[in-house]
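Here is coords.cif, consisting of mmCIF, C-alpha atoms:
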```cif
data_entry
#
loop_
_atom_site.label_atom_id
_atom_site.label_comp_id
_atom_site.auth_asym_id
_atom_site.auth_seq_id
_atom_site.Cartn_x
_atom_site.Cartn_y
_atom_site.Cartn_z
CA GLU A 1 51.29 -7.54 -26.48
CA GLU A 2 49.12 -9.72 -24.31
CA LEU A 3 47.01 -7.73 -21.85
CA GLU A 4 47.27 -8.60 -18.22
CA SER A 5 44.03 -9.60 -16.52
CA PRO A 6 42.95 -7.84 -13.28
CA ILE A 7 43.52 -11.02 -11.26
CA GLU A 8 47.03 -11.57 -12.66
CA GLY A 9 47.96 -7.94 -12.03
CA ALA A 10 46.70 -8.16 -8.49
CA LEU A 11 48.68 -11.37 -7.91
CA ALA A 12 51.86 -9.72 -9.17
CA GLY A 13 51.37 -6.58 -7.12
CA GLY A 14 50.01 -7.75 -3.80
CA GLY A 15 49.22 -11.41 -3.53
CA MET A 16 46.12 -13.53 -3.28
CA HIS A 17 44.22 -11.15 -0.96
CA HIS A 18 44.39 -8.28 -3.44
CA ALA A 19 43.45 -10.64 -6.26
CA ILE A 20 40.31 -11.73 -4.47
CA HIS A 21 39.47 -8.11 -3.63
CA HIS A 22 39.86 -6.94 -7.24
CA ALA A 23 37.93 -9.92 -8.56
CA ALA A 24 35.09 -9.28 -6.14
CA GLN A 25 34.93 -5.62 -7.17
CA ALA A 26 34.86 -6.62 -10.83
CA LEU A 27 32.15 -9.23 -10.35
CA PHE A 28 30.10 -7.43 -7.67
CA PRO A 29 30.04 -3.61 -7.96
CA HIS A 30 29.88 -1.60 -4.77
CA CYS A 31 26.42 -1.29 -3.25
CA GLU A 32 25.70 1.03 -0.35
CA GLU A 33 23.29 -0.42 2.20
CA THR A 34 20.35 1.76 3.22
CA TYR A 35 21.02 3.13 6.71
CA GLY A 36 23.88 0.65 6.87
CA LEU A 37 21.41 -2.15 7.66
CA PHE A 38 19.07 -3.06 4.81
CA PRO A 39 20.50 -5.14 1.94
CA CYS A 40 20.80 -3.72 -1.55
CA SER A 41 21.58 -4.92 -5.06
CA THR A 42 23.04 -3.47 -8.26
CA SER A 43 21.51 -6.04 -10.63
CA LEU A 44 17.97 -6.32 -11.94
CA PRO A 45 17.26 -9.84 -10.58
CA GLY A 46 18.59 -8.85 -7.16
CA SER A 47 16.47 -5.69 -7.10
CA VAL A 48 13.37 -7.66 -8.13
CA PHE A 49 14.08 -10.18 -5.37
CA LEU A 50 14.45 -7.42 -2.77
CA ILE A 51 11.19 -5.81 -3.94
CA PHE A 52 9.48 -9.17 -3.54
CA VAL A 53 10.93 -9.71 -0.05
CA TYR A 54 10.08 -6.19 1.15
CA GLY A 55 6.60 -6.51 -0.34
CA MET A 56 6.01 -9.77 1.53
CA LEU A 57 7.17 -8.16 4.77
CA LEU A 58 4.81 -5.21 4.23
CA LEU A 59 1.95 -7.59 3.42
CA LYS A 60 2.64 -9.60 6.56
CA GLY A 61 2.72 -6.41 8.65
CA ALA A 62 -0.55 -5.19 7.11
CA ASN A 63 -2.22 -8.51 7.91
CA LEU A 64 -1.00 -8.34 11.51
CA ILE A 65 -2.34 -4.78 11.85
CA SER A 66 -5.68 -5.86 10.39
CA ASP A 67 -5.98 -8.83 12.75
CA GLY A 68 -4.97 -6.72 15.73
CA SER A 69 -7.46 -3.99 14.85
CA GLU A 70 -10.28 -6.54 14.72
CA LEU A 71 -9.33 -7.79 18.18
CA LEU A 72 -9.21 -4.23 19.49
CA LEU A 73 -12.64 -3.50 18.03
CA ALA A 74 -14.00 -6.46 19.98
CA ILE A 75 -12.81 -5.19 23.37
CA MET A 76 -12.74 -1.39 22.98
CA ASP A 77 -14.90 1.41 21.61
CA PRO A 78 -14.97 1.25 17.77
CA GLY A 79 -14.96 5.05 17.55
CA LEU A 80 -11.79 5.24 19.62
CA ILE A 81 -10.02 2.50 17.68
CA GLY A 82 -11.11 3.36 14.15
CA GLY A 83 -11.24 7.12 14.58
CA LEU A 84 -8.11 7.72 16.65
CA LEU A 85 -5.79 4.84 17.44
CA LEU A 86 -5.47 3.12 14.06
CA PRO A 87 -4.97 6.31 12.00
CA ILE A 88 -2.25 7.53 14.36
CA LEU A 89 -0.51 4.15 14.43
CA GLY A 90 -0.72 3.99 10.64
CA ALA A 91 0.82 7.43 10.21
CA LEU A 92 3.62 7.00 12.76
CA PRO A 93 5.85 4.68 10.65
CA ASP A 94 5.62 6.97 7.61
CA SER A 95 6.35 10.03 9.72
CA ALA A 96 9.30 8.30 11.37
CA MET A 97 10.75 7.37 7.97
CA ILE A 98 10.43 10.96 6.80
CA VAL A 99 12.18 12.25 9.92
CA VAL A 100 15.00 9.69 9.58
CA SER A 101 15.48 10.54 5.89
CA GLY A 102 15.89 14.20 6.85
CA LEU A 103 18.71 13.40 9.28
CA ALA A 104 21.04 11.97 6.63
CA GLY A 105 23.27 13.97 4.31
CA ASN A 106 23.69 17.71 4.01
CA LYS A 107 20.97 20.35 4.16
CA SER A 108 19.99 20.21 0.48
CA GLN A 109 19.79 16.42 0.51
CA ALA A 110 17.75 16.47 3.72
CA GLU A 111 15.32 19.00 2.23
CA GLN A 112 14.93 16.91 -0.91
CA ASN A 113 14.38 13.68 1.06
CA VAL A 114 11.81 15.31 3.34
CA SER A 115 10.04 16.89 0.38
CA VAL A 116 9.78 13.53 -1.39
CA GLY A 117 8.59 11.83 1.81
CA ILE A 118 5.94 14.45 2.52
CA GLY A 119 4.74 14.27 -1.07
CA THR A 120 4.48 10.49 -0.90
CA LEU A 121 2.60 10.58 2.41
CA ALA A 122 0.21 13.26 1.16
CA GLY A 123 -0.31 11.41 -2.12
CA SER A 124 -1.13 8.12 -0.40
CA THR A 125 -3.58 9.89 1.93
CA ILE A 126 -5.29 11.63 -0.98
CA MET A 127 -5.52 8.33 -2.84
CA LEU A 128 -7.19 6.66 0.17
CA LEU A 129 -9.67 9.52 0.52
CA SER A 130 -10.51 9.63 -3.19
CA ILE A 131 -10.02 6.30 -4.96
CA ALA A 132 -10.41 3.88 -2.04
CA TRP A 133 -13.23 5.74 -0.25
CA GLY A 134 -15.04 6.72 -3.45
CA GLY A 135 -14.66 3.23 -4.88
CA SER A 136 -16.11 1.66 -1.73
CA LEU A 137 -19.14 3.94 -2.00
CA VAL A 138 -19.71 2.96 -5.64
CA VAL A 139 -19.28 -0.77 -5.01
CA GLY A 140 -21.29 -0.80 -1.77
CA ARG A 141 -24.21 1.34 -2.92
CA CYS A 142 -27.82 0.11 -2.71
CA ASP A 143 -31.21 1.30 -3.86
CA ILE A 144 -32.40 4.45 -2.10
CA GLU A 145 -36.03 4.61 -1.09
CA ARG A 146 -37.44 7.59 0.83
CA GLY A 147 -33.95 8.87 1.44
CA VAL A 148 -32.63 5.65 2.99
CA ALA A 149 -30.52 2.96 1.33
CA VAL A 150 -32.09 -0.51 1.30
CA ASN A 151 -29.47 -2.93 2.57
CA ARG A 152 -28.23 -5.60 0.13
CA ARG A 153 -30.53 -4.59 -2.71
CA LEU A 154 -29.30 -3.06 -5.95
CA THR A 155 -31.79 -3.25 -8.81
CA ARG A 156 -30.46 -0.25 -10.76
CA PRO A 157 -26.66 -0.76 -10.98
CA SER A 158 -26.24 1.75 -13.83
CA ASP A 159 -28.15 4.52 -12.06
CA LEU A 160 -25.88 6.64 -9.86
CA LEU A 161 -28.61 9.14 -8.90
CA THR A 162 -31.08 6.84 -7.17
CA THR A 163 -28.52 4.54 -5.55
CA GLY A 164 -26.10 5.21 -2.73
CA VAL A 165 -25.34 4.59 0.92
CA THR A 166 -26.77 5.85 4.20
CA THR A 167 -24.38 7.10 6.86
CA ASP A 168 -24.92 7.66 10.55
CA GLY A 169 -24.56 10.94 12.38
CA ALA A 170 -21.04 10.20 13.64
CA THR A 171 -19.77 9.67 10.08
CA LYS A 172 -21.16 13.04 9.00
CA VAL A 173 -19.53 14.80 11.93
CA ASN A 174 -16.18 13.14 11.21
CA SER A 175 -16.41 14.15 7.55
CA TYR A 176 -16.94 17.78 8.56
CA ILE A 177 -13.93 17.57 10.88
CA MET A 178 -11.84 16.10 8.07
CA VAL A 179 -12.77 18.93 5.69
CA MET A 180 -11.99 21.58 8.30
CA SER A 181 -8.66 19.95 9.11
CA ALA A 182 -7.74 20.04 5.41
CA LEU A 183 -8.25 23.83 5.43
CA LEU A 184 -5.30 24.13 7.84
CA TYR A 185 -2.95 23.44 4.92
CA LEU A 186 -3.85 26.88 3.58
CA PHE A 187 -1.77 28.57 6.32
CA PRO A 188 1.60 28.23 4.53
CA GLN A 189 -0.05 28.78 1.13
CA ILE A 190 -1.76 32.10 1.85
CA PRO A 191 1.47 34.22 1.63
CA THR A 192 2.31 32.49 -1.67
CA PHE A 193 -1.14 33.22 -3.07
CA MET A 194 -0.68 36.88 -2.11
CA GLY A 195 2.59 37.08 -4.04
CA TYR A 196 4.99 36.93 -1.10
CA PRO A 197 7.97 34.57 -1.02
CA HIS A 198 7.98 31.45 1.10
CA ASP A 199 7.63 32.44 4.76
CA PRO A 200 8.85 29.90 7.36
CA SER A 201 6.77 31.60 10.04
CA ALA A 202 3.58 30.80 8.11
CA ALA A 203 4.62 27.14 7.95
CA LEU A 204 5.32 27.21 11.69
CA ILE A 205 1.90 28.69 12.41
CA GLY A 206 0.28 26.06 10.20
CA GLY A 207 2.19 23.28 12.00
CA VAL A 208 1.11 24.54 15.42
CA ALA A 209 -2.49 24.81 14.22
CA CYS A 210 -2.34 21.23 12.91
CA LEU A 211 -1.02 19.97 16.25
CA LEU A 212 -3.77 21.80 18.12
CA ALA A 213 -6.37 20.40 15.74
CA LEU A 214 -4.95 16.90 16.26
CA ALA A 215 -5.18 17.32 20.03
CA GLY A 216 -8.76 18.56 19.70
CA ASP A 217 -9.72 15.63 17.48
CA CYS A 218 -8.16 13.18 19.94
CA ALA A 219 -10.15 14.72 22.78
CA PHE A 220 -13.33 14.62 20.68
CA GLN A 221 -12.84 10.95 19.78
CA VAL A 222 -12.14 9.96 23.39
CA PHE A 223 -14.82 12.00 25.15
#
```
Could you render the structure from this file as structure tokens?
Amino acid sequence: EELESPIEGALAGGGMHHAIHHAAQALFPHCEETYGLFPCSTSLPGSVFLIFVYGMLLLKGANLISDGSELLLAIMDPGLIGGLLLPILGALPDSAMIVVSGLAGNKSQAEQNVSVGIGTLAGSTIMLLSIAWGGSLVVGRCDIERGVAVNRRLTRPSDLLTTGVTTDGATKVNSYIMVMSALLYLFPQIPTFMGYPHDPSAALIGGVACLLALAGDCAFQVF
């Protein structure tokens, strides 16, 4: 017996509209748009194309932020721009995406989305502090004479003990602040280290301490 195709069955049961609908479902599987706005794809070429488009948009945005930061540095205090404004503006989009991801779905899905977002944000920050910052120190190092790096001179590229960089006093102070701010993450971990189960109050205390530290750092950078 000859099998009936999906289009023929749809024509017999409901007309041309149903035939087109069934054919479209067969050719193009259902794809749920992210937040009901951003396009999506179920095929490999379409996904690669979307990755390329989103990557170009991110690159364009990064270039605009870089150009704007250079203009701000020309008219405002570099310590205020580089130490306060740009880091906050850079963290706001990531934080907003994490918050939005936690608003969708049920409680378990929201917890999983927030956990993945926080892990991604923390991982990117750690990468910038370790690989990017450490790599810039290695690439930009110069010969050290009498405890001071000689600008634009590197005669011992394989020697990591007698080459390096010289920082100013403000950079040292900011590094100490950064290390002390990282210690605030121990607040929710201390009960776990002591063998107690996860305590939401410890996380709340740690969050309040982080907000107070952020306010203090903003005041320090401004004044």
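The shortest atom-to-atom distance to A:Arg141, with only C-alpha atoms taken into account, belongs to A:Val165 out of A:Val165, A:Ile126, A:Ile88, A:Ala209.
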inquiry  = as a ChimeraX atom specification, please: the residues near A:Leu184 (cut-off 9 Å, only C-alpha atoms, same-chain neighbours under 6 positions excluded).
reply    = /A:206-207,209-210,213
key: Pairwise distance for atom CA of A:Leu154 and atom CA of A:Cys142, rounded to one decimal in Å   =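 Going from atom CA of A:Leu154 over to atom CA of A:Cys142, I get 4.8 Å.
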remark   = Correct to one decimal, the distance atom CA of A:Ser201-atom CA of A:Glu111 is 17.1 Å
ask   = Expanded to explicit residues, what is the PyMOL selection byres ((chain A and resi 99) around 12) for this file, as a list in words?
value =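 For this structure, the PyMOL selection byres ((chain A and resi 99) around 12) captures Leu92, Pro93, Asp94, Ser95, Ala96, Met97, Ile98, Val100, Ser101, Gly102, Leu103, Ala104, Ala110, Glu111, Asn113, Val114, Ser115, Val116, Gly117 and Ile118 of chain A.
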inquiry  = Just to confirm, what's the straight-line distance from atom CA of A:Leu137 to atom CA of A:Ile177 in Å (one decimal)?
reply    =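 The value is 19.5 Å.
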request  = Apply the PyMOL selection byres ((chain A and resi 144) around 8) to the structure shown and report the selected residues as an NGL selection string.
outcome  = :A and (142-143 or 145-150 or 162-165)
The PyMOL selection byres ((chain A and resi 62-67) around 12) resolved against shown file, as number ranges by chain = A: 55-61, 68-74, 81-82, 85-87, 89-90
Option closest in space to A:Leu84, from A:Gly216, A:Gly195, A:Gly135, A:Gly169 [counting all atoms listed in the file] = A:Gly216
query = Smallest atom-to-atom distance to A:Ser181: which of A:Asp77, A:Asp199, A:Asp159, A:Asp217, using all atoms listed in the file?
reply =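 Of A:Asp77, A:Asp199, A:Asp159, A:Asp217, the one nearest A:Ser181 is A:Asp217, counting all atoms listed in the file.
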Stretch 90-101 of chain A rebuilt with all heavy atoms, output as a compact mmCIF listing (two decimals), keeping the file's coordinate frame:
```txt
# COMPACT_ATOMS: atom_id res chain seq x y z
N GLY A 90 -1.05 4.13 12.06
CA GLY A 90 -0.72 3.99 10.64
C GLY A 90 0.16 5.11 10.11
O GLY A 90 0.97 4.89 9.21
N ALA A 91 0.02 6.30 10.68
CA ALA A 91 0.82 7.43 10.21
C ALA A 91 2.18 7.52 10.87
O ALA A 91 3.10 8.14 10.33
CB ALA A 91 0.05 8.74 10.44
N LEU A 92 2.34 6.91 12.04
CA LEU A 92 3.62 7.00 12.76
C LEU A 92 4.79 6.41 11.98
O LEU A 92 5.86 7.04 11.91
CB LEU A 92 3.49 6.35 14.13
CG LEU A 92 2.85 7.20 15.23
CD1 LEU A 92 2.77 6.41 16.53
CD2 LEU A 92 3.64 8.49 15.45
N PRO A 93 4.69 5.20 11.40
CA PRO A 93 5.85 4.68 10.65
C PRO A 93 6.26 5.56 9.49
O PRO A 93 7.46 5.79 9.27
CB PRO A 93 5.37 3.30 10.18
CG PRO A 93 4.28 2.94 11.13
CD PRO A 93 3.61 4.22 11.49
N ASP A 94 5.28 6.08 8.72
CA ASP A 94 5.62 6.97 7.61
C ASP A 94 6.29 8.24 8.10
O ASP A 94 7.27 8.71 7.51
CB ASP A 94 4.35 7.31 6.82
CG ASP A 94 3.72 6.08 6.19
OD1 ASP A 94 4.47 5.12 5.92
OD2 ASP A 94 2.50 6.08 5.98
N SER A 95 5.75 8.81 9.18
CA SER A 95 6.35 10.03 9.72
C SER A 95 7.76 9.78 10.24
O SER A 95 8.67 10.60 10.04
CB SER A 95 5.47 10.57 10.85
OG SER A 95 4.15 10.82 10.40
N ALA A 96 7.96 8.63 10.88
CA ALA A 96 9.30 8.30 11.37
C ALA A 96 10.29 8.13 10.23
O ALA A 96 11.44 8.58 10.32
CB ALA A 96 9.24 7.03 12.21
N MET A 97 9.86 7.52 9.13
CA MET A 97 10.75 7.37 7.97
C MET A 97 11.10 8.71 7.36
O MET A 97 12.24 8.93 6.92
CB MET A 97 10.08 6.47 6.93
CG MET A 97 9.94 5.02 7.38
SD MET A 97 9.11 3.99 6.15
CE MET A 97 10.27 4.10 4.79
N ILE A 98 10.14 9.63 7.34
CA ILE A 98 10.43 10.96 6.80
C ILE A 98 11.43 11.69 7.68
O ILE A 98 12.37 12.34 7.20
CB ILE A 98 9.12 11.77 6.67
CG1 ILE A 98 8.21 11.12 5.63
CG2 ILE A 98 9.40 13.21 6.31
CD1 ILE A 98 6.84 11.76 5.55
N VAL A 99 11.26 11.59 9.00
CA VAL A 99 12.18 12.25 9.92
C VAL A 99 13.58 11.67 9.79
O VAL A 99 14.58 12.39 9.74
CB VAL A 99 11.67 12.12 11.37
CG1 VAL A 99 12.72 12.64 12.35
CG2 VAL A 99 10.38 12.91 11.54
N VAL A 100 13.68 10.34 9.71
CA VAL A 100 15.00 9.69 9.58
C VAL A 100 15.66 10.08 8.27
O VAL A 100 16.88 10.32 8.22
CB VAL A 100 14.84 8.17 9.71
CG1 VAL A 100 16.15 7.46 9.37
CG2 VAL A 100 14.39 7.80 11.11
N SER A 101 14.89 10.15 7.18
CA SER A 101 15.48 10.54 5.89
C SER A 101 16.00 11.97 5.91
O SER A 101 16.95 12.30 5.19
CB SER A 101 14.43 10.39 4.78
OG SER A 101 13.36 11.31 4.96
```
